[in-house]
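Data file: input-v1.cif. Format and content: mmCIF, C-alpha atoms.
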```
data_work
loop_
_atom_site.group_PDB
_atom_site.id
_atom_site.type_symbol
_atom_site.label_atom_id
_atom_site.label_comp_id
_atom_site.auth_asym_id
_atom_site.auth_seq_id
_atom_site.Cartn_x
_atom_site.Cartn_y
_atom_site.Cartn_z
ATOM 1 C CA MET Y 11 0.000 0.000 0.000
ATOM 2 C CA GLY Y 12 2.141 2.840 -1.297
ATOM 3 C CA ASN Y 13 1.857 6.352 0.169
ATOM 4 C CA THR Y 14 -0.165 4.970 3.062
ATOM 5 C CA THR Y 15 -0.337 6.839 6.348
ATOM 6 C CA TYR Y 16 -0.680 4.650 9.418
ATOM 7 C CA GLY Y 17 -2.092 5.319 12.842
ATOM 8 C CA PHE Y 18 -1.280 3.539 16.095
ATOM 9 C CA ILE Y 19 -3.566 3.618 19.109
ATOM 10 C CA GLY Y 20 -2.265 2.022 22.299
ATOM 11 C CA LEU Y 21 1.401 2.518 23.168
ATOM 12 C CA GLY Y 22 1.897 0.122 26.051
ATOM 13 C CA HIS Y 23 4.360 -2.755 26.500
ATOM 14 C CA MET Y 24 3.458 -4.210 23.093
ATOM 15 C CA GLY Y 25 2.218 -1.140 21.237
ATOM 16 C CA SER Y 26 5.308 1.009 21.725
ATOM 17 C CA PRO Y 27 7.844 -1.443 20.247
ATOM 18 C CA MET Y 28 5.426 -2.285 17.439
ATOM 19 C CA ALA Y 29 5.015 1.403 16.643
ATOM 20 C CA ARG Y 30 8.798 1.685 16.465
ATOM 21 C CA ARG Y 31 8.808 -1.099 13.884
ATOM 22 C CA VAL Y 32 6.511 1.055 11.742
ATOM 23 C CA LEU Y 33 8.865 4.022 12.088
ATOM 24 C CA ASP Y 34 11.905 1.872 11.325
ATOM 25 C CA ASP Y 35 10.175 0.924 8.077
ATOM 26 C CA LYS Y 36 10.104 4.650 7.167
ATOM 27 C CA ARG Y 37 6.323 4.858 7.219
ATOM 28 C CA LEU Y 38 4.270 7.906 8.121
ATOM 29 C CA LEU Y 39 2.772 7.267 11.561
ATOM 30 C CA LEU Y 40 0.214 9.101 13.695
ATOM 31 C CA VAL Y 41 0.073 7.981 17.329
ATOM 32 C CA HIS Y 42 -2.429 8.366 20.147
ATOM 33 C CA ASP Y 43 -2.606 7.022 23.684
ATOM 34 C CA VAL Y 44 -4.168 7.928 27.031
ATOM 35 C CA SER Y 45 -0.599 8.400 28.322
ATOM 36 C CA PRO Y 46 0.947 11.699 27.114
ATOM 37 C CA ASP Y 47 4.386 10.383 28.099
ATOM 38 C CA ALA Y 48 4.034 7.325 25.867
ATOM 39 C CA VAL Y 49 3.020 9.553 22.955
ATOM 40 C CA ALA Y 50 5.899 11.955 23.609
ATOM 41 C CA ARG Y 51 8.490 9.167 23.597
ATOM 42 C CA ILE Y 52 7.349 7.851 20.216
ATOM 43 C CA ALA Y 53 7.018 11.361 18.825
ATOM 44 C CA GLN Y 54 10.667 11.992 19.676
ATOM 45 C CA GLU Y 55 11.517 9.065 17.410
ATOM 46 C CA GLY Y 56 9.654 10.448 14.403
ATOM 47 C CA ALA Y 57 5.951 9.746 14.877
ATOM 48 C CA VAL Y 58 3.345 12.499 14.672
ATOM 49 C CA ALA Y 59 1.490 12.995 17.956
ATOM 50 C CA ALA Y 60 -2.233 13.131 17.194
ATOM 51 C CA PRO Y 61 -4.163 15.423 19.563
ATOM 52 C CA SER Y 62 -7.182 13.120 19.521
ATOM 53 C CA LEU Y 63 -8.436 9.802 18.248
ATOM 54 C CA LYS Y 64 -10.512 11.739 15.719
ATOM 55 C CA ALA Y 65 -7.312 13.237 14.302
ATOM 56 C CA VAL Y 66 -5.969 9.721 13.728
ATOM 57 C CA VAL Y 67 -9.131 8.735 11.858
ATOM 58 C CA GLU Y 68 -8.947 11.876 9.724
ATOM 59 C CA GLY Y 69 -5.280 11.379 8.875
ATOM 60 C CA ALA Y 70 -4.528 7.627 8.719
ATOM 61 C CA ASP Y 71 -5.511 5.149 6.022
ATOM 62 C CA VAL Y 72 -4.836 2.168 8.286
ATOM 63 C CA ILE Y 73 -5.121 2.257 12.070
ATOM 64 C CA PHE Y 74 -3.344 -0.286 14.283
ATOM 65 C CA LEU Y 75 -4.762 -1.039 17.744
ATOM 66 C CA SER Y 76 -2.878 -2.555 20.669
ATOM 67 C CA LEU Y 77 -5.148 -2.316 23.697
ATOM 68 C CA PRO Y 78 -5.471 -4.338 26.922
ATOM 69 C CA GLU Y 79 -9.155 -5.215 27.322
ATOM 70 C CA PRO Y 80 -12.140 -6.165 25.137
ATOM 71 C CA SER Y 81 -14.165 -3.275 26.555
ATOM 72 C CA THR Y 82 -11.401 -0.822 25.638
ATOM 73 C CA VAL Y 83 -11.255 -2.039 22.043
ATOM 74 C CA GLN Y 84 -15.043 -1.873 21.782
ATOM 75 C CA ALA Y 85 -15.083 1.688 23.118
ATOM 76 C CA VAL Y 86 -12.311 2.784 20.745
ATOM 77 C CA ALA Y 87 -14.108 1.148 17.806
ATOM 78 C CA ARG Y 88 -17.219 3.161 18.633
ATOM 79 C CA GLU Y 89 -15.135 6.331 18.801
ATOM 80 C CA ILE Y 90 -13.524 5.527 15.447
ATOM 81 C CA GLY Y 91 -16.948 4.938 13.946
ATOM 82 C CA ALA Y 92 -18.283 8.199 15.353
ATOM 83 C CA ALA Y 93 -15.268 10.085 14.005
ATOM 84 C CA ALA Y 94 -15.535 8.586 10.518
ATOM 85 C CA THR Y 95 -16.963 11.000 7.977
ATOM 86 C CA ALA Y 96 -17.048 11.244 4.205
ATOM 87 C CA GLY Y 97 -13.750 13.101 4.344
ATOM 88 C CA SER Y 98 -11.878 10.850 6.763
ATOM 89 C CA ARG Y 99 -9.149 8.546 5.442
ATOM 90 C CA THR Y 100 -9.393 5.399 7.531
ATOM 91 C CA ARG Y 101 -10.321 2.293 5.529
ATOM 92 C CA TYR Y 102 -8.892 -0.455 7.740
ATOM 93 C CA VAL Y 103 -8.508 -1.039 11.460
ATOM 94 C CA VAL Y 104 -5.970 -3.765 12.269
ATOM 95 C CA ASP Y 105 -6.393 -4.970 15.833
ATOM 96 C CA PHE Y 106 -3.431 -6.638 17.560
ATOM 97 C CA SER Y 107 -5.264 -6.904 20.898
ATOM 98 C CA THR Y 108 -6.431 -10.116 22.554
ATOM 99 C CA ILE Y 109 -10.151 -9.608 23.107
ATOM 100 C CA GLY Y 110 -11.849 -12.943 22.442
ATOM 101 C CA PRO Y 111 -14.068 -14.004 19.533
ATOM 102 C CA LYS Y 112 -17.322 -12.407 20.673
ATOM 103 C CA ALA Y 113 -15.799 -8.959 21.091
ATOM 104 C CA ALA Y 114 -14.054 -9.274 17.710
ATOM 105 C CA VAL Y 115 -17.368 -9.969 15.982
ATOM 106 C CA ASP Y 116 -18.930 -6.969 17.739
ATOM 107 C CA VAL Y 117 -16.074 -4.636 16.779
ATOM 108 C CA ALA Y 118 -16.203 -5.759 13.142
ATOM 109 C CA ALA Y 119 -19.929 -4.963 13.034
ATOM 110 C CA VAL Y 120 -19.463 -1.492 14.551
ATOM 111 C CA LEU Y 121 -16.754 -0.569 12.066
ATOM 112 C CA ARG Y 122 -18.632 -2.073 9.112
ATOM 113 C CA GLU Y 123 -21.497 0.349 9.788
ATOM 114 C CA ASN Y 124 -19.037 3.146 9.037
ATOM 115 C CA GLN Y 125 -17.503 1.570 5.917
ATOM 116 C CA ILE Y 126 -14.318 0.577 7.755
ATOM 117 C CA THR Y 127 -12.945 -2.961 7.436
ATOM 118 C CA TYR Y 128 -11.805 -4.714 10.585
ATOM 119 C CA VAL Y 129 -8.718 -6.929 10.374
ATOM 120 C CA GLU Y 130 -8.459 -9.204 13.389
ATOM 121 C CA ALA Y 131 -4.750 -9.763 14.067
ATOM 122 C CA PRO Y 132 -3.803 -10.802 17.618
ATOM 123 C CA VAL Y 133 -0.091 -11.363 18.147
ATOM 124 C CA SER Y 134 2.133 -13.619 20.224
ATOM 125 C CA GLY Y 135 5.766 -13.250 21.166
ATOM 126 C CA GLY Y 136 5.830 -10.659 23.926
ATOM 127 C CA PRO Y 137 7.615 -7.296 24.077
ATOM 128 C CA LYS Y 138 10.891 -8.862 22.897
ATOM 129 C CA GLY Y 139 9.201 -10.270 19.801
ATOM 130 C CA ALA Y 140 7.490 -6.927 19.232
ATOM 131 C CA ALA Y 141 10.821 -5.104 19.342
ATOM 132 C CA ASN Y 142 12.621 -7.615 17.130
ATOM 133 C CA GLY Y 143 9.850 -8.103 14.590
ATOM 134 C CA THR Y 144 9.517 -11.806 15.400
ATOM 135 C CA LEU Y 145 5.887 -11.968 16.501
ATOM 136 C CA ALA Y 146 3.383 -14.514 15.262
ATOM 137 C CA VAL Y 147 0.598 -12.440 13.728
ATOM 138 C CA MET Y 148 -2.686 -14.388 13.480
ATOM 139 C CA VAL Y 149 -5.047 -12.789 10.987
ATOM 140 C CA SER Y 150 -8.677 -13.457 10.197
ATOM 141 C CA CYS Y 151 -10.517 -11.308 7.680
ATOM 142 C CA ALA Y 152 -11.834 -11.540 4.137
ATOM 143 C CA GLU Y 153 -9.252 -12.594 1.547
ATOM 144 C CA ARG Y 154 -9.544 -9.252 -0.242
ATOM 145 C CA ALA Y 155 -8.772 -7.341 2.945
ATOM 146 C CA PHE Y 156 -5.809 -9.592 3.633
ATOM 147 C CA GLU Y 157 -4.475 -8.930 0.141
ATOM 148 C CA GLU Y 158 -4.706 -5.203 0.877
ATOM 149 C CA VAL Y 159 -3.071 -5.060 4.295
ATOM 150 C CA GLY Y 160 -1.335 -8.423 4.841
ATOM 151 C CA LYS Y 161 2.015 -7.350 3.417
ATOM 152 C CA SER Y 162 2.049 -4.283 5.642
ATOM 153 C CA LEU Y 163 2.144 -6.616 8.668
ATOM 154 C CA ASP Y 164 5.381 -8.381 7.710
ATOM 155 C CA ILE Y 165 7.438 -5.878 9.695
ATOM 156 C CA PHE Y 166 5.971 -7.302 12.903
ATOM 157 C CA GLY Y 167 6.870 -10.933 12.294
ATOM 158 C CA THR Y 168 5.433 -13.996 10.595
ATOM 159 C CA VAL Y 169 1.903 -13.432 9.336
ATOM 160 C CA PHE Y 170 -0.635 -16.268 9.246
ATOM 161 C CA HIS Y 171 -3.994 -15.831 7.516
ATOM 162 C CA VAL Y 172 -5.940 -18.347 9.594
ATOM 163 C CA GLY Y 173 -9.432 -17.796 8.214
ATOM 164 C CA GLU Y 174 -11.992 -15.363 6.880
ATOM 165 C CA GLY Y 175 -14.424 -15.495 9.805
ATOM 166 C CA TYR Y 176 -14.184 -12.956 12.586
ATOM 167 C CA GLY Y 177 -13.330 -14.622 15.869
ATOM 168 C CA GLN Y 178 -11.115 -17.312 14.360
ATOM 169 C CA ALA Y 179 -7.794 -15.572 14.997
ATOM 170 C CA GLN Y 180 -8.922 -14.693 18.505
ATOM 171 C CA THR Y 181 -9.784 -18.330 19.175
ATOM 172 C CA LEU Y 182 -6.315 -19.403 18.051
ATOM 173 C CA LYS Y 183 -4.674 -16.709 20.184
ATOM 174 C CA LEU Y 184 -6.622 -17.801 23.266
ATOM 175 C CA ALA Y 185 -5.593 -21.415 22.673
ATOM 176 C CA ASN Y 186 -1.950 -20.332 22.388
ATOM 177 C CA ASN Y 187 -2.044 -18.224 25.542
ATOM 178 C CA MET Y 188 -3.766 -20.950 27.509
ATOM 179 C CA LEU Y 189 -0.942 -23.330 26.625
ATOM 180 C CA SER Y 190 1.621 -20.685 27.588
ATOM 181 C CA VAL Y 191 0.081 -20.056 31.011
ATOM 182 C CA CYS Y 192 -0.465 -23.791 31.574
ATOM 183 C CA ALA Y 193 3.272 -24.269 31.047
ATOM 184 C CA VAL Y 194 4.064 -21.662 33.706
ATOM 185 C CA VAL Y 195 1.805 -23.342 36.271
ATOM 186 C CA ALA Y 196 2.813 -26.937 35.469
ATOM 187 C CA THR Y 197 6.498 -26.010 35.581
ATOM 188 C CA ALA Y 198 5.999 -24.452 39.010
ATOM 189 C CA GLU Y 199 4.591 -27.740 40.288
ATOM 190 C CA ALA Y 200 7.333 -29.878 38.743
ATOM 191 C CA LEU Y 201 10.199 -27.689 39.964
ATOM 192 C CA SER Y 202 8.694 -27.284 43.440
ATOM 193 C CA MET Y 203 8.577 -31.072 43.728
ATOM 194 C CA GLY Y 204 12.223 -31.320 42.669
ATOM 195 C CA VAL Y 205 13.422 -28.570 45.001
ATOM 196 C CA LYS Y 206 11.642 -30.186 47.933
ATOM 197 C CA ALA Y 207 13.433 -33.438 47.088
ATOM 198 C CA GLY Y 208 16.789 -31.620 47.173
ATOM 199 C CA LEU Y 209 17.377 -30.989 43.469
ATOM 200 C CA SER Y 210 18.806 -27.785 41.992
ATOM 201 C CA PRO Y 211 16.154 -26.028 39.865
ATOM 202 C CA THR Y 212 18.843 -24.815 37.476
ATOM 203 C CA ARG Y 213 20.091 -28.354 36.934
ATOM 204 C CA MET Y 214 16.500 -29.562 36.580
ATOM 205 C CA LEU Y 215 15.896 -26.985 33.863
ATOM 206 C CA GLU Y 216 19.104 -27.973 32.063
ATOM 207 C CA VAL Y 217 17.972 -31.588 31.953
ATOM 208 C CA ILE Y 218 14.322 -30.854 31.118
ATOM 209 C CA ASN Y 219 15.356 -28.573 28.266
ATOM 210 C CA LYS Y 220 17.262 -31.474 26.723
ATOM 211 C CA SER Y 221 14.335 -33.805 27.356
ATOM 212 C CA SER Y 222 10.713 -34.281 26.377
ATOM 213 C CA GLY Y 223 9.355 -31.997 29.116
ATOM 214 C CA ARG Y 224 10.807 -28.772 27.715
ATOM 215 C CA ASN Y 225 8.411 -25.925 27.001
ATOM 216 C CA THR Y 226 8.423 -22.142 26.776
ATOM 217 C CA ALA Y 227 8.381 -21.807 30.562
ATOM 218 C CA THR Y 228 11.368 -24.093 31.137
ATOM 219 C CA GLU Y 229 13.334 -22.650 28.223
ATOM 220 C CA ALA Y 230 12.838 -18.941 28.886
ATOM 221 C CA LYS Y 231 10.520 -17.832 31.659
ATOM 222 C CA TYR Y 232 11.895 -19.774 34.618
ATOM 223 C CA PRO Y 233 15.628 -19.285 33.945
ATOM 224 C CA ARG Y 234 15.121 -15.560 33.436
ATOM 225 C CA ALA Y 235 12.383 -14.586 35.873
ATOM 226 C CA VAL Y 236 11.751 -17.282 38.502
ATOM 227 C CA VAL Y 237 15.063 -18.881 39.486
ATOM 228 C CA THR Y 238 16.531 -15.348 39.509
ATOM 229 C CA ARG Y 239 13.575 -14.196 41.690
ATOM 230 C CA THR Y 240 12.991 -11.116 39.500
ATOM 231 C CA PHE Y 241 9.508 -12.119 38.296
ATOM 232 C CA ASP Y 242 9.722 -9.631 35.463
ATOM 233 C CA TYR Y 243 9.227 -11.554 32.236
ATOM 234 C CA GLY Y 244 7.029 -8.787 30.824
ATOM 235 C CA PHE Y 245 3.408 -10.002 30.833
ATOM 236 C CA SER Y 246 1.084 -8.956 33.625
ATOM 237 C CA THR Y 247 -0.994 -11.288 35.747
ATOM 238 C CA ARG Y 248 -4.012 -9.171 34.854
ATOM 239 C CA LEU Y 249 -3.634 -9.871 31.153
ATOM 240 C CA ALA Y 250 -2.781 -13.558 31.619
ATOM 241 C CA TYR Y 251 -5.812 -13.997 33.864
ATOM 242 C CA LYS Y 252 -7.995 -12.197 31.313
ATOM 243 C CA ASP Y 253 -6.778 -14.451 28.505
ATOM 244 C CA VAL Y 254 -7.356 -17.736 30.336
ATOM 245 C CA ARG Y 255 -10.806 -16.541 31.460
ATOM 246 C CA LEU Y 256 -11.719 -15.718 27.875
ATOM 247 C CA CYS Y 257 -10.376 -19.080 26.710
ATOM 248 C CA VAL Y 258 -12.330 -21.131 29.244
ATOM 249 C CA ASP Y 259 -15.496 -19.122 28.563
ATOM 250 C CA GLU Y 260 -15.149 -19.648 24.812
ATOM 251 C CA SER Y 261 -14.439 -23.350 25.250
ATOM 252 C CA GLU Y 262 -17.494 -23.817 27.461
ATOM 253 C CA GLY Y 263 -19.617 -21.937 24.934
ATOM 254 C CA LEU Y 264 -18.467 -24.329 22.214
ATOM 255 C CA GLY Y 265 -19.162 -27.371 24.357
ATOM 256 C CA VAL Y 266 -15.503 -28.364 24.660
ATOM 257 C CA PRO Y 267 -14.355 -29.461 28.148
ATOM 258 C CA MET Y 268 -11.377 -27.516 29.465
ATOM 259 C CA ILE Y 269 -10.692 -29.112 32.826
ATOM 260 C CA ILE Y 270 -6.980 -28.289 33.016
ATOM 261 C CA GLY Y 271 -7.646 -24.794 31.687
ATOM 262 C CA ALA Y 272 -10.237 -24.197 34.413
ATOM 263 C CA ALA Y 273 -7.673 -25.202 37.059
ATOM 264 C CA VAL Y 274 -5.128 -22.803 35.556
ATOM 265 C CA ARG Y 275 -7.754 -20.056 35.588
ATOM 266 C CA GLN Y 276 -8.139 -20.598 39.340
ATOM 267 C CA ILE Y 277 -4.370 -20.416 39.886
ATOM 268 C CA MET Y 278 -4.256 -17.126 37.983
ATOM 269 C CA ALA Y 279 -7.214 -15.814 39.990
ATOM 270 C CA ILE Y 280 -5.299 -16.577 43.191
ATOM 271 C CA THR Y 281 -2.134 -14.966 41.779
ATOM 272 C CA ASN Y 282 -4.112 -11.889 40.785
ATOM 273 C CA SER Y 283 -5.640 -11.632 44.271
ATOM 274 C CA SER Y 284 -2.463 -12.410 46.217
ATOM 275 C CA TYR Y 285 0.142 -10.444 44.265
ATOM 276 C CA GLY Y 286 -1.909 -7.885 42.367
ATOM 277 C CA PRO Y 287 -2.976 -7.509 38.740
ATOM 278 C CA GLU Y 288 0.210 -5.680 37.748
ATOM 279 C CA SER Y 289 2.488 -8.440 39.012
ATOM 280 C CA ASP Y 290 4.234 -10.499 36.357
ATOM 281 C CA PHE Y 291 2.401 -13.673 35.374
ATOM 282 C CA THR Y 292 5.438 -15.755 36.346
ATOM 283 C CA THR Y 293 4.465 -14.843 39.918
ATOM 284 C CA ALA Y 294 2.059 -17.779 39.675
ATOM 285 C CA ALA Y 295 5.105 -19.839 40.656
ATOM 286 C CA ARG Y 296 5.066 -18.150 44.061
ATOM 287 C CA VAL Y 297 1.561 -19.455 44.722
ATOM 288 C CA VAL Y 298 2.720 -23.045 44.179
ATOM 289 C CA GLU Y 299 5.896 -22.370 46.171
ATOM 290 C CA GLN Y 300 3.870 -21.118 49.132
ATOM 291 C CA TRP Y 301 1.676 -24.198 49.108
ATOM 292 C CA SER Y 302 4.756 -26.426 48.797
ATOM 293 C CA GLY Y 303 6.902 -24.692 51.401
ATOM 294 C CA VAL Y 304 9.832 -24.152 49.018
ATOM 295 C CA GLU Y 305 11.374 -21.495 46.786
ATOM 296 C CA ILE Y 306 12.491 -22.304 43.241
ATOM 297 C CA LYS Y 307 16.023 -20.983 43.549
ATOM 298 C CA ASP Y 308 19.544 -22.340 43.912
#
```

This entry written out as structure tokens:
Amino acid sequence: MGNTTYGFIGLGHMGSPMARRVLDDKRLLLVHDVSPDAVARIAQEGAVAAPSLKAVVEGADVIFLSLPEPSTVQAVAREIGAAATAGSRTRYVVDFSTIGPKAAVDVAAVLRENQITYVEAPVSGGPKGAANGTLAVMVSCAERAFEEVGKSLDIFGTVFHVGEGYGQAQTLKLANNMLSVCAVVATAEALSMGVKAGLSPTRMLEVINKSSGRNTATEAKYPRAVVTRTFDYGFSTRLAYKDVRLCVDESEGLGVPMIIGAAVRQIMAITNSSYGPESDFTTAARVVEQWSGVEIKD
């Protein structure tokens, strides 16, 4: 899409590094966020600070969203729709947020009423993947829309067109995040057992990562954020809890049993209550540690 101006709404842990990827690609970028500081930082790097969401709609052909909650995306979609006029430029809204299938369908309908096409594109890979352009970008939208905007998403990572129905990419993202959080909780149980038996967690991880039990938690999250006791991997308990709740709700609605997922949801609810929503989701290990009477450290 030559001579395209882009907008970016939502400059948090994921949005800010993704916006920088747009700037690094020498694209024109308008940015807006509830945090003036977040906007100022990106503006110093070459983005244009939009004074309002309406200004983004008036000036950008494609708007990217990276927002934390379904209700926030729905509210922003309504604002975009209200701001859209015959003279505004926005034709596509590409949503990187994790909001669940039902909210995605609702947002698509709101934007469609204002002749704007919704491109559902949740991402996985965390802030590091966002900064390095190595995210998995899961897209569901009509084939024609994907042909229009799909290539513009390559700067963020590997793009997968997973279907044409709204809600499909969100379903895949929820499945992915459930597996990720399950790995964090299951690894906490396995390592707590080993520590209580006198094993070194670092040595356990070395062996597991050469064995069939390896997973994303054993390979990255525990060595970096649990054994070191920093609990700072970069994904909040609030968001992890939201994602597993959405996943279990969607599964139940489809008539698919999610027994393990429901147990993980409870662990994340306890983590959220005990350590706060802004704690890192690896803090779930501390819940299991407390029950076990150990700490996963050397």

inquiry  = Which residues are close to range 256-268 of chain Y, i.e. within 8 Å by all atoms listed in the file, leaving aside same-chain residues fewer than 3 positions away? Reply as a ChimeraX atom specification.
reply    = /Y:109-111,181,184-185,188,252-253,271-272,275

key: Point-to-point distance from CA of Phe18 in chain Y to CA of Val66 in chain Y, Å rounded to tenths   =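 Result for CA of Phe18 in chain Y versus CA of Val66 in chain Y: 8.1 Å, one decimal.
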
Test item: residues at most 6 Å from range 139-144 of chain Y, all atoms listed in the file, excluding those fewer than 3 positions along its chain, as a VMD selection string = chain Y and resid 27 to 28 135 to 136 165 to 167

request  = Any chance you could resolve the PyMOL selection byres ((chain Y and resi 62-65) around 9) against this file and give the residues as a PyMOL selection string?
outcome  = chain Y and resi 19+40-43+59-61+66-70+86+89-90+92-94

task = Step by step, work through what the PyMOL selection byres ((chain Y and resi 207-221) around 10) selects in the shown file, and finish by giving those residues as a ChimeraX atom specification.
result = /Y:197,200-206,222-230,232-233,236-238,305-308

Writer output for current selection, C-alpha atoms, as a short mmCIF file (atom, residue, chain, number, x, y, z; two decimals), keeping the file's coordinate frame:
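Below is the file selection-v3.cif, written as the result:
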```
data_model
loop_
_atom_site.label_atom_id
_atom_site.label_comp_id
_atom_site.auth_asym_id
_atom_site.auth_seq_id
_atom_site.Cartn_x
_atom_site.Cartn_y
_atom_site.Cartn_z
CA THR Y 197 6.50 -26.01 35.58
CA ALA Y 200 7.33 -29.88 38.74
CA LEU Y 201 10.20 -27.69 39.96
CA SER Y 202 8.69 -27.28 43.44
CA MET Y 203 8.58 -31.07 43.73
CA GLY Y 204 12.22 -31.32 42.67
CA VAL Y 205 13.42 -28.57 45.00
CA LYS Y 206 11.64 -30.19 47.93
CA SER Y 222 10.71 -34.28 26.38
CA GLY Y 223 9.36 -32.00 29.12
CA ARG Y 224 10.81 -28.77 27.72
CA ASN Y 225 8.41 -25.92 27.00
CA THR Y 226 8.42 -22.14 26.78
CA ALA Y 227 8.38 -21.81 30.56
CA THR Y 228 11.37 -24.09 31.14
CA GLU Y 229 13.33 -22.65 28.22
CA ALA Y 230 12.84 -18.94 28.89
CA TYR Y 232 11.90 -19.77 34.62
CA PRO Y 233 15.63 -19.28 33.94
CA VAL Y 236 11.75 -17.28 38.50
CA VAL Y 237 15.06 -18.88 39.49
CA THR Y 238 16.53 -15.35 39.51
CA GLU Y 305 11.37 -21.50 46.79
CA ILE Y 306 12.49 -22.30 43.24
CA LYS Y 307 16.02 -20.98 43.55
CA ASP Y 308 19.54 -22.34 43.91
#
```

inquiry  = Using all atoms listed in the file for the distances, tell me which of Y:Gly91, Y:Gly177, Y:Gly244, Y:Gly97 is nearest to Val129 in chain Y.
reply    = Y:Gly177

message = Need to verify the contact set: range 121-123 of chain Y, 10 Å, all atoms listed in the file, exclusion of same-chain residues closer than 2 positions in sequence. Can you return it as a list in words?
response =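 In the requested form, the answer reads Gln84, Ala87, Arg88, Glu89, Ile90, Gly91, Ala92, Ala94, Arg101, Tyr102, Val103, Asp116, Val117, Ala118, Ala119, Gln125, Ile126, Thr127 and Tyr128 of chain Y.
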